[in-house]
file query_12.cif (mmCIF, C-alpha atoms, pLDDT in the B column; chains and numbers go by the auth columns)
data_query
loop_
_atom_site.group_PDB
_atom_site.id
_atom_site.type_symbol
_atom_site.label_atom_id
_atom_site.label_comp_id
_atom_site.label_asym_id
_atom_site.label_seq_id
_atom_site.Cartn_x
_atom_site.Cartn_y
_atom_site.Cartn_z
_atom_site.B_iso_or_equiv
_atom_site.auth_seq_id
_atom_site.auth_asym_id
ATOM 1 C CA MET A 1 81.657 278.692 126.856 54.00 1 A
ATOM 2 C CA THR A 2 79.878 279.132 130.169 58.00 2 A
ATOM 3 C CA ASP A 3 80.033 282.439 132.014 82.00 3 A
ATOM 4 C CA ARG A 4 83.435 281.495 133.333 91.00 4 A
ATOM 5 C CA ASP A 5 85.601 278.543 132.395 96.00 5 A
ATOM 6 C CA CYS A 6 88.574 277.562 134.511 97.00 6 A
ATOM 7 C CA LEU A 7 91.575 275.684 133.207 97.00 7 A
ATOM 8 C CA THR A 8 94.317 274.334 135.415 98.00 8 A
ATOM 9 C CA LEU A 9 97.810 273.491 134.311 97.00 9 A
ATOM 10 C CA ILE A 10 100.431 271.938 136.567 98.00 10 A
ATOM 11 C CA VAL A 11 103.902 272.481 135.172 98.00 11 A
ATOM 12 C CA PRO A 12 107.428 271.544 136.280 98.00 12 A
ATOM 13 C CA PRO A 13 109.401 274.645 137.310 97.00 13 A
ATOM 14 C CA LYS A 14 111.652 274.817 134.259 97.00 14 A
ATOM 15 C CA ALA A 15 112.381 277.798 132.056 97.00 15 A
ATOM 16 C CA ILE A 16 111.762 275.826 128.883 96.00 16 A
ATOM 17 C CA TYR A 17 108.061 275.478 129.688 97.00 17 A
ATOM 18 C CA VAL A 18 107.561 279.221 129.490 97.00 18 A
ATOM 19 C CA ARG A 19 106.965 278.745 125.774 96.00 19 A
ATOM 20 C CA THR A 20 104.278 276.139 126.377 97.00 20 A
ATOM 21 C CA VAL A 21 102.561 278.377 128.885 97.00 21 A
ATOM 22 C CA ARG A 22 102.870 281.372 126.569 97.00 22 A
ATOM 23 C CA LEU A 23 101.306 279.404 123.747 97.00 23 A
ATOM 24 C CA ALA A 24 98.443 278.270 125.971 97.00 24 A
ATOM 25 C CA VAL A 25 97.670 281.739 127.276 98.00 25 A
ATOM 26 C CA GLY A 26 97.914 283.213 123.795 97.00 26 A
ATOM 27 C CA GLY A 27 95.392 280.651 122.615 97.00 27 A
ATOM 28 C CA LEU A 28 93.013 281.416 125.453 97.00 28 A
ATOM 29 C CA ALA A 29 93.344 285.130 124.773 97.00 29 A
ATOM 30 C CA SER A 30 92.351 284.468 121.195 96.00 30 A
ATOM 31 C CA VAL A 31 89.293 282.527 122.370 95.00 31 A
ATOM 32 C CA VAL A 32 88.262 285.451 124.563 96.00 32 A
ATOM 33 C CA GLY A 33 88.464 287.818 121.608 95.00 33 A
ATOM 34 C CA PHE A 34 91.458 289.999 122.344 97.00 34 A
ATOM 35 C CA ASP A 35 93.003 291.768 119.404 96.00 35 A
ATOM 36 C CA VAL A 36 96.540 290.987 118.237 95.00 36 A
ATOM 37 C CA GLU A 37 98.178 293.720 120.291 95.00 37 A
ATOM 38 C CA ALA A 38 96.419 292.622 123.475 96.00 38 A
ATOM 39 C CA ILE A 39 97.345 288.998 122.839 97.00 39 A
ATOM 40 C CA ASP A 40 100.973 290.059 122.478 96.00 40 A
ATOM 41 C CA ASP A 41 100.703 291.907 125.793 97.00 41 A
ATOM 42 C CA LEU A 42 99.225 288.866 127.492 98.00 42 A
ATOM 43 C CA ARG A 43 102.025 286.687 126.127 98.00 43 A
ATOM 44 C CA ILE A 44 104.497 289.095 127.700 98.00 44 A
ATOM 45 C CA ALA A 45 102.518 289.070 130.944 98.00 45 A
ATOM 46 C CA VAL A 46 102.626 285.300 131.277 98.00 46 A
ATOM 47 C CA ASP A 47 106.383 285.338 130.692 98.00 47 A
ATOM 48 C CA GLU A 48 106.753 287.755 133.588 98.00 48 A
ATOM 49 C CA LEU A 49 104.505 285.595 135.749 98.00 49 A
ATOM 50 C CA TRP A 50 106.604 282.546 134.917 98.00 50 A
ATOM 51 C CA SER A 51 109.848 284.388 135.537 96.00 51 A
ATOM 52 C CA VAL A 52 108.679 285.577 138.955 96.00 52 A
ATOM 53 C CA LEU A 53 107.484 282.123 140.005 97.00 53 A
ATOM 54 C CA LEU A 54 110.759 280.519 138.939 96.00 54 A
ATOM 55 C CA ASP A 55 112.688 283.214 140.768 94.00 55 A
ATOM 56 C CA LEU A 56 110.787 283.156 144.053 95.00 56 A
ATOM 57 C CA GLY A 57 109.320 279.673 144.080 95.00 57 A
ATOM 58 C CA GLN A 58 110.365 276.066 144.131 95.00 58 A
ATOM 59 C CA GLY A 59 108.621 272.909 143.037 94.00 59 A
ATOM 60 C CA GLU A 60 105.838 272.527 140.534 97.00 60 A
ATOM 61 C CA ILE A 61 103.849 275.519 139.397 98.00 61 A
ATOM 62 C CA THR A 62 100.074 275.510 139.283 98.00 62 A
ATOM 63 C CA LEU A 63 98.490 277.813 136.763 98.00 63 A
ATOM 64 C CA LEU A 64 94.807 278.629 136.839 98.00 64 A
ATOM 65 C CA ALA A 65 93.389 280.436 133.835 98.00 65 A
ATOM 66 C CA THR A 66 89.932 281.935 134.127 98.00 66 A
ATOM 67 C CA VAL A 67 88.233 282.567 130.833 97.00 67 A
ATOM 68 C CA GLY A 68 85.186 284.770 131.047 94.00 68 A
ATOM 69 C CA ASP A 69 83.109 286.988 128.852 91.00 69 A
ATOM 70 C CA GLN A 70 85.754 289.210 127.267 94.00 70 A
ATOM 71 C CA HIS A 71 88.013 288.644 130.238 96.00 71 A
ATOM 72 C CA LEU A 72 91.075 286.546 130.965 98.00 72 A
ATOM 73 C CA GLY A 73 92.704 285.975 134.316 98.00 73 A
ATOM 74 C CA VAL A 74 95.831 283.946 135.002 98.00 74 A
ATOM 75 C CA ARG A 75 97.030 282.991 138.465 98.00 75 A
ATOM 76 C CA GLY A 76 100.209 281.063 139.183 98.00 76 A
ATOM 77 C CA ASN A 77 101.172 279.505 142.508 97.00 77 A
ATOM 78 C CA ALA A 78 104.278 277.759 143.754 97.00 78 A
ATOM 79 C CA ALA A 79 105.816 276.980 147.109 96.00 79 A
ATOM 80 C CA ALA A 80 108.105 279.843 148.032 94.00 80 A
ATOM 81 C CA GLU A 81 111.783 279.078 148.262 87.00 81 A
ATOM 82 C CA ALA A 82 113.289 278.974 151.752 82.00 82 A
ATOM 83 C CA HIS A 83 114.441 282.583 151.741 82.00 83 A
ATOM 84 C CA PRO A 84 112.678 284.277 148.849 76.00 84 A
ATOM 85 C CA ALA A 85 113.489 287.779 147.755 78.00 85 A
ATOM 86 C CA ASP A 86 111.004 290.438 148.709 82.00 86 A
ATOM 87 C CA VAL A 87 108.346 290.901 146.058 82.00 87 A
ATOM 88 C CA GLU A 88 109.355 294.560 145.941 82.00 88 A
ATOM 89 C CA SER A 89 113.022 293.755 145.351 84.00 89 A
ATOM 90 C CA ASP A 90 114.900 295.485 142.551 84.00 90 A
ATOM 91 C CA ARG A 91 115.475 292.257 140.677 82.00 91 A
ATOM 92 C CA LEU A 92 111.745 292.059 139.968 91.00 92 A
ATOM 93 C CA GLU A 93 111.564 295.702 138.932 92.00 93 A
ATOM 94 C CA PHE A 94 111.202 295.048 135.211 95.00 94 A
ATOM 95 C CA SER A 95 108.612 292.330 135.696 96.00 95 A
ATOM 96 C CA ARG A 96 106.510 294.602 137.915 96.00 96 A
ATOM 97 C CA ALA A 97 106.847 297.489 135.475 96.00 97 A
ATOM 98 C CA ILE A 98 105.792 295.340 132.534 97.00 98 A
ATOM 99 C CA LEU A 99 102.885 293.686 134.330 97.00 99 A
ATOM 100 C CA SER A 100 101.582 297.052 135.474 96.00 100 A
ATOM 101 C CA VAL A 101 101.175 298.104 131.854 96.00 101 A
ATOM 102 C CA VAL A 102 100.296 294.974 129.896 96.00 102 A
ATOM 103 C CA ALA A 103 97.623 293.810 132.362 97.00 103 A
ATOM 104 C CA ASP A 104 94.639 295.697 133.706 97.00 104 A
ATOM 105 C CA GLN A 105 95.719 294.602 137.155 97.00 105 A
ATOM 106 C CA TYR A 106 98.268 292.264 138.640 97.00 106 A
ATOM 107 C CA GLU A 107 99.205 290.927 142.036 97.00 107 A
ATOM 108 C CA LEU A 108 102.425 289.488 143.405 96.00 108 A
ATOM 109 C CA THR A 109 102.448 288.086 146.923 95.00 109 A
ATOM 110 C CA ILE A 110 104.179 285.644 149.220 95.00 110 A
ATOM 111 C CA ILE A 111 101.754 284.503 151.889 94.00 111 A
ATOM 112 C CA ASP A 112 102.117 281.477 154.160 93.00 112 A
ATOM 113 C CA GLY A 113 104.967 280.076 152.095 94.00 113 A
ATOM 114 C CA ILE A 114 103.133 280.334 148.791 96.00 114 A
ATOM 115 C CA VAL A 115 104.260 282.713 146.085 96.00 115 A
ATOM 116 C CA THR A 116 101.441 283.886 143.876 97.00 116 A
ATOM 117 C CA CYS A 117 101.536 285.978 140.743 98.00 117 A
ATOM 118 C CA SER A 118 98.360 286.819 138.898 98.00 118 A
ATOM 119 C CA PHE A 119 97.063 289.194 136.291 98.00 119 A
ATOM 120 C CA GLU A 120 93.806 290.023 134.598 98.00 120 A
ATOM 121 C CA ARG A 121 92.818 291.782 131.463 97.00 121 A
ATOM 122 C CA SER A 122 89.520 292.551 129.785 97.00 122 A
ATOM 123 C CA VAL A 123 88.804 293.274 126.170 95.00 123 A
ATOM 124 C CA ASP A 124 88.942 297.026 125.816 80.00 124 A
ATOM 125 C CA ASP A 125 86.454 299.201 124.011 56.00 125 A
ATOM 126 C CA LEU A 126 88.324 298.932 120.733 50.00 126 A
ATOM 127 C CA GLY A 127 88.425 295.178 120.987 49.00 127 A
ATOM 128 C CA GLU A 128 84.763 295.027 121.869 51.00 128 A
ATOM 129 C CA ALA A 129 83.947 297.050 118.795 48.00 129 A
ATOM 130 C CA LYS A 130 85.872 294.591 116.685 49.00 130 A
ATOM 131 C CA LEU A 131 84.020 291.677 118.239 52.00 131 A
ATOM 132 C CA GLU A 132 80.662 293.315 117.576 57.00 132 A
ATOM 133 C CA ALA A 133 81.640 293.936 113.980 55.00 133 A
ATOM 134 C CA ALA A 134 82.702 290.310 113.630 53.00 134 A
ATOM 135 C CA ASP A 135 79.380 289.117 115.065 57.00 135 A
ATOM 136 C CA ARG A 136 77.515 291.120 112.450 53.00 136 A
ATOM 137 C CA MET B 1 128.408 282.949 112.943 40.00 1 B
ATOM 138 C CA ALA B 2 125.465 281.369 114.681 42.00 2 B
ATOM 139 C CA GLU B 3 126.031 281.223 118.432 41.00 3 B
ATOM 140 C CA ASN B 4 122.984 279.191 119.250 40.00 4 B
ATOM 141 C CA ALA B 5 119.879 277.793 117.698 37.00 5 B
ATOM 142 C CA GLY B 6 116.736 277.414 119.795 38.00 6 B
ATOM 143 C CA ARG B 7 114.534 274.356 119.809 41.00 7 B
ATOM 144 C CA ASP B 8 111.400 276.184 118.783 42.00 8 B
ATOM 145 C CA THR B 9 111.255 275.394 115.097 45.00 9 B
ATOM 146 C CA GLN B 10 108.563 278.008 114.495 57.00 10 B
ATOM 147 C CA HIS B 11 110.676 280.807 115.900 60.00 11 B
ATOM 148 C CA PRO B 12 114.266 279.585 115.947 84.00 12 B
ATOM 149 C CA PHE B 13 116.478 281.746 118.098 94.00 13 B
ATOM 150 C CA GLU B 14 119.806 282.800 116.743 96.00 14 B
ATOM 151 C CA VAL B 15 122.542 285.190 117.789 96.00 15 B
ATOM 152 C CA ALA B 16 125.143 286.139 115.214 95.00 16 B
ATOM 153 C CA ILE B 17 128.292 288.215 115.479 92.00 17 B
ATOM 154 C CA ASP B 18 129.594 289.318 112.091 84.00 18 B
ATOM 155 C CA ASP B 19 133.164 290.007 113.160 86.00 19 B
ATOM 156 C CA VAL B 20 134.227 289.735 116.778 81.00 20 B
ATOM 157 C CA ASP B 21 137.270 291.923 116.075 84.00 21 B
ATOM 158 C CA ALA B 22 135.320 294.723 114.424 86.00 22 B
ATOM 159 C CA ASP B 23 134.538 298.061 116.060 86.00 23 B
ATOM 160 C CA PRO B 24 131.670 298.415 116.472 90.00 24 B
ATOM 161 C CA ILE B 25 130.855 294.780 116.989 92.00 25 B
ATOM 162 C CA GLU B 26 127.486 294.058 115.457 93.00 26 B
ATOM 163 C CA VAL B 27 125.345 291.445 117.152 95.00 27 B
ATOM 164 C CA SER B 28 122.223 290.322 115.313 96.00 28 B
ATOM 165 C CA VAL B 29 119.422 288.561 117.139 97.00 29 B
ATOM 166 C CA ARG B 30 116.570 286.613 115.579 97.00 30 B
ATOM 167 C CA GLY B 31 113.580 284.808 117.093 97.00 31 B
ATOM 168 C CA GLU B 32 112.059 284.857 120.552 97.00 32 B
ATOM 169 C CA LEU B 33 114.198 286.485 123.221 97.00 33 B
ATOM 170 C CA ASP B 34 112.847 285.021 126.427 97.00 34 B
ATOM 171 C CA LEU B 35 113.760 283.150 129.571 96.00 35 B
ATOM 172 C CA VAL B 36 115.079 280.264 127.497 97.00 36 B
ATOM 173 C CA SER B 37 117.130 282.133 124.933 97.00 37 B
ATOM 174 C CA ALA B 38 118.328 285.171 126.906 97.00 38 B
ATOM 175 C CA PRO B 39 121.351 283.315 128.359 97.00 39 B
ATOM 176 C CA SER B 40 122.597 282.642 124.823 97.00 40 B
ATOM 177 C CA LEU B 41 122.474 286.338 124.036 97.00 41 B
ATOM 178 C CA GLY B 42 124.249 287.043 127.319 97.00 42 B
ATOM 179 C CA GLU B 43 127.053 284.660 126.369 95.00 43 B
ATOM 180 C CA ALA B 44 127.439 286.268 122.954 94.00 44 B
ATOM 181 C CA LEU B 45 127.542 289.754 124.416 93.00 45 B
ATOM 182 C CA ASP B 46 130.046 288.641 127.048 92.00 46 B
ATOM 183 C CA LYS B 47 132.224 287.339 124.227 88.00 47 B
ATOM 184 C CA ALA B 48 132.022 290.733 122.554 88.00 48 B
ATOM 185 C CA LEU B 49 132.748 292.496 125.838 88.00 49 B
ATOM 186 C CA ALA B 50 135.789 290.327 126.453 88.00 50 B
ATOM 187 C CA LYS B 51 137.510 292.016 123.534 80.00 51 B
ATOM 188 C CA GLY B 52 137.795 295.201 125.566 78.00 52 B
ATOM 189 C CA PRO B 53 136.050 298.554 125.532 72.00 53 B
ATOM 190 C CA ARG B 54 134.495 299.316 122.192 81.00 54 B
ATOM 191 C CA SER B 55 131.138 299.926 120.599 89.00 55 B
ATOM 192 C CA ILE B 56 128.542 297.197 120.562 92.00 56 B
ATOM 193 C CA VAL B 57 125.554 297.441 118.254 93.00 57 B
ATOM 194 C CA VAL B 58 122.717 294.997 118.805 95.00 58 B
ATOM 195 C CA ARG B 59 120.242 294.501 116.006 95.00 59 B
ATOM 196 C CA LEU B 60 116.803 293.420 117.181 96.00 60 B
ATOM 197 C CA ALA B 61 114.663 293.942 114.078 95.00 61 B
ATOM 198 C CA ASP B 62 114.052 290.212 113.746 96.00 62 B
ATOM 199 C CA VAL B 63 113.158 289.591 117.367 97.00 63 B
ATOM 200 C CA SER B 64 109.556 288.406 117.346 96.00 64 B
ATOM 201 C CA PHE B 65 109.118 288.403 121.115 97.00 65 B
ATOM 202 C CA MET B 66 110.958 289.800 124.118 97.00 66 B
ATOM 203 C CA ASP B 67 110.331 289.702 127.853 97.00 67 B
ATOM 204 C CA SER B 68 112.196 291.054 130.870 97.00 68 B
ATOM 205 C CA SER B 69 114.750 288.231 130.680 97.00 69 B
ATOM 206 C CA GLY B 70 116.015 289.583 127.385 97.00 70 B
ATOM 207 C CA LEU B 71 115.764 293.120 128.649 97.00 71 B
ATOM 208 C CA ARG B 72 117.908 292.334 131.689 96.00 72 B
ATOM 209 C CA VAL B 73 120.651 290.927 129.464 97.00 73 B
ATOM 210 C CA LEU B 74 120.629 294.051 127.309 96.00 74 B
ATOM 211 C CA VAL B 75 120.686 296.397 130.303 95.00 75 B
ATOM 212 C CA ARG B 76 123.517 294.465 131.957 95.00 76 B
ATOM 213 C CA CYS B 77 125.562 294.556 128.776 93.00 77 B
ATOM 214 C CA SER B 78 124.875 298.247 128.301 92.00 78 B
ATOM 215 C CA ASN B 79 126.001 298.982 131.851 92.00 79 B
ATOM 216 C CA ASP B 80 129.129 296.839 131.479 91.00 80 B
ATOM 217 C CA VAL B 81 130.094 298.402 128.158 90.00 81 B
ATOM 218 C CA HIS B 82 129.648 301.920 129.451 88.00 82 B
ATOM 219 C CA ALA B 83 131.592 301.090 132.613 89.00 83 B
ATOM 220 C CA ALA B 84 134.430 299.844 130.399 87.00 84 B
ATOM 221 C CA GLY B 85 134.428 303.045 128.385 88.00 85 B
ATOM 222 C CA GLY B 86 132.652 301.728 125.307 88.00 86 B
ATOM 223 C CA SER B 87 129.248 302.411 123.855 90.00 87 B
ATOM 224 C CA PHE B 88 126.151 300.292 123.472 92.00 88 B
ATOM 225 C CA GLN B 89 123.311 300.766 121.061 93.00 89 B
ATOM 226 C CA ILE B 90 120.215 298.906 119.988 94.00 90 B
ATOM 227 C CA LEU B 91 119.295 299.407 116.369 90.00 91 B
ATOM 228 C CA GLY B 92 116.530 298.149 114.145 89.00 92 B
ATOM 229 C CA MET B 93 114.175 296.960 116.837 91.00 93 B
ATOM 230 C CA SER B 94 110.941 295.135 116.153 95.00 94 B
ATOM 231 C CA ALA B 95 107.543 296.183 117.493 94.00 95 B
ATOM 232 C CA ALA B 96 107.843 293.513 120.185 95.00 96 B
ATOM 233 C CA VAL B 97 111.125 294.978 121.398 95.00 97 B
ATOM 234 C CA ARG B 98 109.843 298.534 121.216 94.00 98 B
ATOM 235 C CA ARG B 99 106.822 297.613 123.319 95.00 99 B
ATOM 236 C CA VAL B 100 108.930 296.265 126.190 96.00 100 B
ATOM 237 C CA LEU B 101 111.437 299.129 126.041 95.00 101 B
ATOM 238 C CA GLU B 102 108.654 301.688 126.054 93.00 102 B
ATOM 239 C CA VAL B 103 106.803 300.003 128.903 92.00 103 B
ATOM 240 C CA THR B 104 109.931 299.967 131.072 94.00 104 B
ATOM 241 C CA GLY B 105 111.058 303.454 130.092 93.00 105 B
ATOM 242 C CA LEU B 106 114.426 302.221 128.823 93.00 106 B
ATOM 243 C CA ILE B 107 114.084 303.132 125.183 90.00 107 B
ATOM 244 C CA GLU B 108 116.308 306.205 125.440 87.00 108 B
ATOM 245 C CA GLN B 109 118.855 304.657 127.783 86.00 109 B
ATOM 246 C CA LEU B 110 119.501 301.881 125.310 87.00 110 B
ATOM 247 C CA SER B 111 119.581 304.293 122.370 67.00 111 B
ATOM 248 C CA ALA B 112 116.862 302.294 120.760 49.00 112 B
ATOM 249 C CA SER B 113 115.145 305.246 119.210 39.00 113 B
ATOM 250 C CA ARG B 114 117.856 305.567 116.560 40.00 114 B
ATOM 251 C CA THR B 115 117.302 304.018 113.203 37.00 115 B
ATOM 252 C CA GLY B 116 119.337 301.322 111.524 39.00 116 B
ATOM 253 C CA ASP B 117 120.591 303.902 109.029 41.00 117 B
ATOM 254 C CA GLU B 118 122.705 305.436 111.773 41.00 118 B
ATOM 255 C CA VAL B 119 125.085 302.516 112.015 39.00 119 B
ATOM 256 C CA GLY B 120 128.599 303.653 111.289 38.00 120 B
ATOM 257 C CA GLN B 121 127.646 307.311 111.101 38.00 121 B
ATOM 258 C CA GLY B 122 129.731 309.203 113.580 32.00 122 B
#
call {"tool": "encode", "arguments": {"input": "query_12.cif", "output": "structure tokens"}}
result
Amino acid sequence: MTDRDCLTLIVPPKAIYVRTVRLAVGGLASVVGFDVEAIDDLRIAVDELWSVLLDLGQGEITLLATVGDQHLGVRGNAAAEAHPADVESDRLEFSRAILSVVADQYELTIIDGIVTCSFERSVDDLGEAKLEAADR
Amino acid sequence: MAENAGRDTQHPFEVAIDDVDADPIEVSVRGELDLVSAPSLGEALDKALAKGPRSIVVRLADVSFMDSSGLRVLVRCSNDVHAAGGSFQILGMSAAVRRVLEVTGLIEQLSASRTGDEVGQG
């Protein structure tokens, strides 16, 4: 892999595709070298991303995954629905709470009619130690 | 009685109610509880709720994945049951369920910290 690989996925806005997206992100997380617990967290994170985009957006969803050296970022965009809920609304409370823990950082915005949800996570010290051991 | 089977053959989703007339009603869930399958759990819990105020026990030991969609269904059911004068309890949760309940701080509210051995005791 180069320093940073980018993968783009354009997906119809249907709940059923959350499993496809989850599988893809789980696979990328494995490539990066996350441990099992972190991969599970990232699978949860992408579900929350998908849920938010389905809730606030309309039309096809564009996912951009950035795979770097011990780092994974996922950004999803969709056109915002005509009168979207505020990103701080109570109905997104659980998604925000989960993303704040399972990702190193996350962002949820509606700007210029585009709803964006993104998160990033890096391999932590424990994971790095495992990778170094595997390399040896 | 299987309420629904998911299409994911690797992790088939299934909700089962042993006896809809029992008290407590025991609802067992298996597979991935996500945006796709959560409505099926909601329907099963609504069916249990329709029998009137009573205890509902939800077994989640065989849930291999859960996101906020599943969590919302559980919280809504818990609120509805308590509002109707009944009780709601999660028992036998998997690590995946525990993770989400811990992250959201709902583990005590949903009585999830109790063990499966406590079913029927008191």
call {"tool": "residues_around", "arguments": {"input": "query_12.cif", "residues": "A:Glu88", "least_positions_apart": "4", "cutoff": "12 Å", "atoms": "all atoms listed in the file", "output": "MDAnalysis selection string"}}
result
chainID A and resid 52 56 84 92:97 107:110
call {"tool": "resolve_selection", "arguments": {"input": "query_12.cif", "expression": "the PyMOL selection byres ((chain B) within 7 of (chain A))", "output": "list in words"}}
result
Leu35, Val36, Asp67, Ser68, Val103 and Thr104 of chain B
call {"tool": "atom_distance", "arguments": {"input": "query_12.cif", "atom1": "atom CA of B:Arg30", "atom2": "atom CA of B:Ile17"}}
result
11.8 Å
call {"tool": "resolve_selection", "arguments": {"input": "query_12.cif", "expression": "the PyMOL selection byres ((chain B and resi 43) around 12)", "output": "list in words"}}
result
Glu3, Asn4, Val15, Ala16, Ile17, Val27, Ser37, Ala38, Pro39, Ser40, Leu41, Gly42, Ala44, Leu45, Asp46, Lys47, Ala48, Leu49, Ala50, Val73, Leu74, Arg76 and Cys77 of chain B
call {"tool": "closest_residue", "arguments": {"input": "query_12.cif", "among": "B:Pro24, B:Gly105, B:Gly86, B:Gly31", "to": "B:Phe65", "atoms": "all atoms listed in the file"}}
result
B:Gly31
call {"tool": "resolve_selection", "arguments": {"input": "query_12.cif", "expression": "the PyMOL selection byres ((chain B and resi 52-56) around 12)", "output": "ChimeraX atom specification"}}
result
/B:17-28,44-51,57-59,74,77-91,110-111,119-120,122
call {"tool": "atom_distance", "arguments": {"input": "query_12.cif", "atom1": "atom CA of A:Gln58", "atom2": "atom CA of A:Gln105"}}
result
24.6 Å
call {"tool": "build_atoms", "arguments": {"input": "query_12.cif", "residues": "stretch 34-49 of chain A", "atoms": "N, CA and C atoms", "output": "PDB file, keeping the file's coordinate frame"}}
result
ATOM      1  N   PHE A  34      90.506 288.890 122.325  1.00 97.00           N
ATOM      2  CA  PHE A  34      91.458 289.999 122.344  1.00 97.00           C
ATOM      3  C   PHE A  34      92.023 290.235 120.953  1.00 97.00           C
ATOM      4  N   ASP A  35      92.369 291.477 120.686  1.00 96.00           N
ATOM      5  CA  ASP A  35      93.003 291.768 119.404  1.00 96.00           C
ATOM      6  C   ASP A  35      94.485 291.366 119.465  1.00 96.00           C
ATOM      7  N   VAL A  36      95.160 291.484 118.337  1.00 95.00           N
ATOM      8  CA  VAL A  36      96.540 290.987 118.237  1.00 95.00           C
ATOM      9  C   VAL A  36      97.464 291.680 119.235  1.00 95.00           C
ATOM     10  N   GLU A  37      97.295 292.992 119.376  1.00 95.00           N
ATOM     11  CA  GLU A  37      98.178 293.720 120.291  1.00 95.00           C
ATOM     12  C   GLU A  37      97.968 293.264 121.735  1.00 95.00           C
ATOM     13  N   ALA A  38      96.715 293.063 122.105  1.00 96.00           N
ATOM     14  CA  ALA A  38      96.419 292.622 123.475  1.00 96.00           C
ATOM     15  C   ALA A  38      96.932 291.205 123.713  1.00 96.00           C
ATOM     16  N   ILE A  39      96.811 290.364 122.702  1.00 97.00           N
ATOM     17  CA  ILE A  39      97.345 288.998 122.839  1.00 97.00           C
ATOM     18  C   ILE A  39      98.858 289.045 123.044  1.00 97.00           C
ATOM     19  N   ASP A  40      99.522 289.906 122.294  1.00 96.00           N
ATOM     20  CA  ASP A  40     100.973 290.059 122.478  1.00 96.00           C
ATOM     21  C   ASP A  40     101.291 290.518 123.904  1.00 96.00           C
ATOM     22  N   ASP A  41     100.500 291.442 124.419  1.00 97.00           N
ATOM     23  CA  ASP A  41     100.703 291.907 125.793  1.00 97.00           C
ATOM     24  C   ASP A  41     100.512 290.772 126.793  1.00 97.00           C
ATOM     25  N   LEU A  42      99.497 289.964 126.563  1.00 98.00           N
ATOM     26  CA  LEU A  42      99.225 288.866 127.492  1.00 98.00           C
ATOM     27  C   LEU A  42     100.317 287.797 127.424  1.00 98.00           C
ATOM     28  N   ARG A  43     100.904 287.622 126.258  1.00 98.00           N
ATOM     29  CA  ARG A  43     102.025 286.687 126.127  1.00 98.00           C
ATOM     30  C   ARG A  43     103.232 287.207 126.922  1.00 98.00           C
ATOM     31  N   ILE A  44     103.429 288.516 126.883  1.00 98.00           N
ATOM     32  CA  ILE A  44     104.497 289.095 127.700  1.00 98.00           C
ATOM     33  C   ILE A  44     104.176 288.914 129.182  1.00 98.00           C
ATOM     34  N   ALA A  45     102.919 289.164 129.532  1.00 98.00           N
ATOM     35  CA  ALA A  45     102.518 289.070 130.944  1.00 98.00           C
ATOM     36  C   ALA A  45     102.780 287.680 131.507  1.00 98.00           C
ATOM     37  N   VAL A  46     102.451 286.655 130.745  1.00 98.00           N
ATOM     38  CA  VAL A  46     102.626 285.300 131.277  1.00 98.00           C
ATOM     39  C   VAL A  46     104.112 284.953 131.385  1.00 98.00           C
ATOM     40  N   ASP A  47     104.933 285.530 130.537  1.00 98.00           N
ATOM     41  CA  ASP A  47     106.383 285.338 130.692  1.00 98.00           C
ATOM     42  C   ASP A  47     106.861 285.941 132.012  1.00 98.00           C
ATOM     43  N   GLU A  48     106.339 287.121 132.333  1.00 98.00           N
ATOM     44  CA  GLU A  48     106.753 287.755 133.588  1.00 98.00           C
ATOM     45  C   GLU A  48     106.256 286.955 134.782  1.00 98.00           C
ATOM     46  N   LEU A  49     105.045 286.453 134.685  1.00 98.00           N
ATOM     47  CA  LEU A  49     104.505 285.595 135.749  1.00 98.00           C
ATOM     48  C   LEU A  49     105.414 284.378 135.945  1.00 98.00           C
TER      49      LEU A  49
END
